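Report on the following structure.
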Amino acid sequence: MEGRRATIRLDKWLWYARFFKTRTLSGKVVTAGHVRINRIKVSRAASPVGVGDTLTFAQGRNIRVVRIVALGTRRGPASEAQALYEDLSPPAAATPPAPRYDGGGRPGKKDRRDMARNRPRAGTHGMDGTER
């Protein structure tokens, strides 16, 4: 006789794995239809998931793809939560750093001070534009 595959509720596992701050929030994301289990869109928070399943969902502005490695028994520390899954998400594109002020972009504090130092002071010119 074959044993049944161990499973856990989807919303509970997402909460255990610390993808969402509260179980209610993870349940709302699932019921809104924003989670896929093995490429199949689900909308029930109580959908069973087990070891080997692949989940695809949005988290912030990123799309996460994870494979379940363990089910977990509690919402533990981050190190314990990271042991529950294997991250298959493509690496996020590196965002370029903010541009330095070189005539384009917004000047920083040091750049503003340098510009102020080079600017003529008020009251150093007469009414006719000549220096005093």
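For the structure tokens, the naming scheme is as follows: chains receive sequential letters (A, B, ...) according to their order of presentation, residues are indexed from 1 within each chain, and ligands are indexed from 1 in presentation order.
The neighbours of A:Thr73 here are the residues that come within 10 Å of it, using only C-alpha atoms and leaving out any residue fewer than 3 positions away in the same chain; they are Ile8, Lys12, Trp13, Tyr16, Ala70 and Gly76 of chain A.
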Would you pick out the contacts of A:Phe57 at 10 Å or less, using only C-alpha atoms, so that residues sharing its chain but fewer than 5 positions from it are not included, and give the list as a list in words?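 Residues near the query, excluding close chain neighbours: Phe19, Val29, Val30, Gly33, His34, Val35, Arg36, Ile37, Lys41, Asn62, Ile63, Arg64, Val65 and Val66 of chain A.
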Selected residues written out, C-alpha atoms, as a PDB file, in the first residue's frame:
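Here's the written file result16.pdb:
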```pdb
ATOM      1  CA  PHE A  19       7.261  35.276   1.852  1.00  0.00           C
ATOM      2  CA  VAL A  29      -2.716  36.797  -2.489  1.00  0.00           C
ATOM      3  CA  VAL A  30      -3.721  33.190  -3.143  1.00  0.00           C
ATOM      4  CA  GLY A  33      -5.420  34.170  -8.065  1.00  0.00           C
ATOM      5  CA  HIS A  34      -1.834  35.453  -8.043  1.00  0.00           C
ATOM      6  CA  VAL A  35      -0.177  32.104  -7.222  1.00  0.00           C
ATOM      7  CA  ARG A  36       0.539  29.140  -9.490  1.00  0.00           C
ATOM      8  CA  ILE A  37       1.330  25.603  -8.347  1.00  0.00           C
ATOM      9  CA  LYS A  41      -3.285  29.005 -11.321  1.00  0.00           C
ATOM     10  CA  ASN A  62       9.518  40.717  -8.414  1.00  0.00           C
ATOM     11  CA  ILE A  63       8.163  37.411  -9.715  1.00  0.00           C
ATOM     12  CA  ARG A  64       9.303  34.590  -7.419  1.00  0.00           C
ATOM     13  CA  VAL A  65       9.705  31.000  -8.578  1.00  0.00           C
ATOM     14  CA  VAL A  66      10.468  28.544  -5.781  1.00  0.00           C
TER      15      VAL A  66
END
```
What lies within 12 Å of A:Arg67 using only C-alpha atoms, ignoring chain neighbours under 5 positions off, as a list in words? Trp13, Leu14, Ala17, Arg36, Ile37, Asn38, Arg39, Val49, Gly50, Val51, Gly52, Asp53, Thr54, Leu55, Thr56, Phe57, Gln82, Ala83, Leu84, Tyr85, Glu86, Asp87, Leu88 and Ser89 of chain A
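Those residues of chain A that DSSP, working from the backbone, places in strand (DSSP E or B) are Ile8, Arg9, Val35, Arg36, Ile37, Ile40, Lys41, Val42, Pro48, Val49, Thr54, Leu55, Thr56, Phe57, Ala58, Gln59, Asn62, Ile63, Arg64, Val65, Val66, Arg67, Ile68, Tyr85, Glu86, Asp87, His125 and Glu131 of chain A.
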Looking only at helix (DSSP H, G or I) from DSSP on the backbone, list the matching residues of chain A as a PyMOL selection string. chain A and resi 10-16+23-31+78-82+109-118
Option closest in space to A:Ala45, from A:Met115, A:Ala81, A:Leu10, A:Leu71 [counting only C-alpha atoms]: A:Leu10
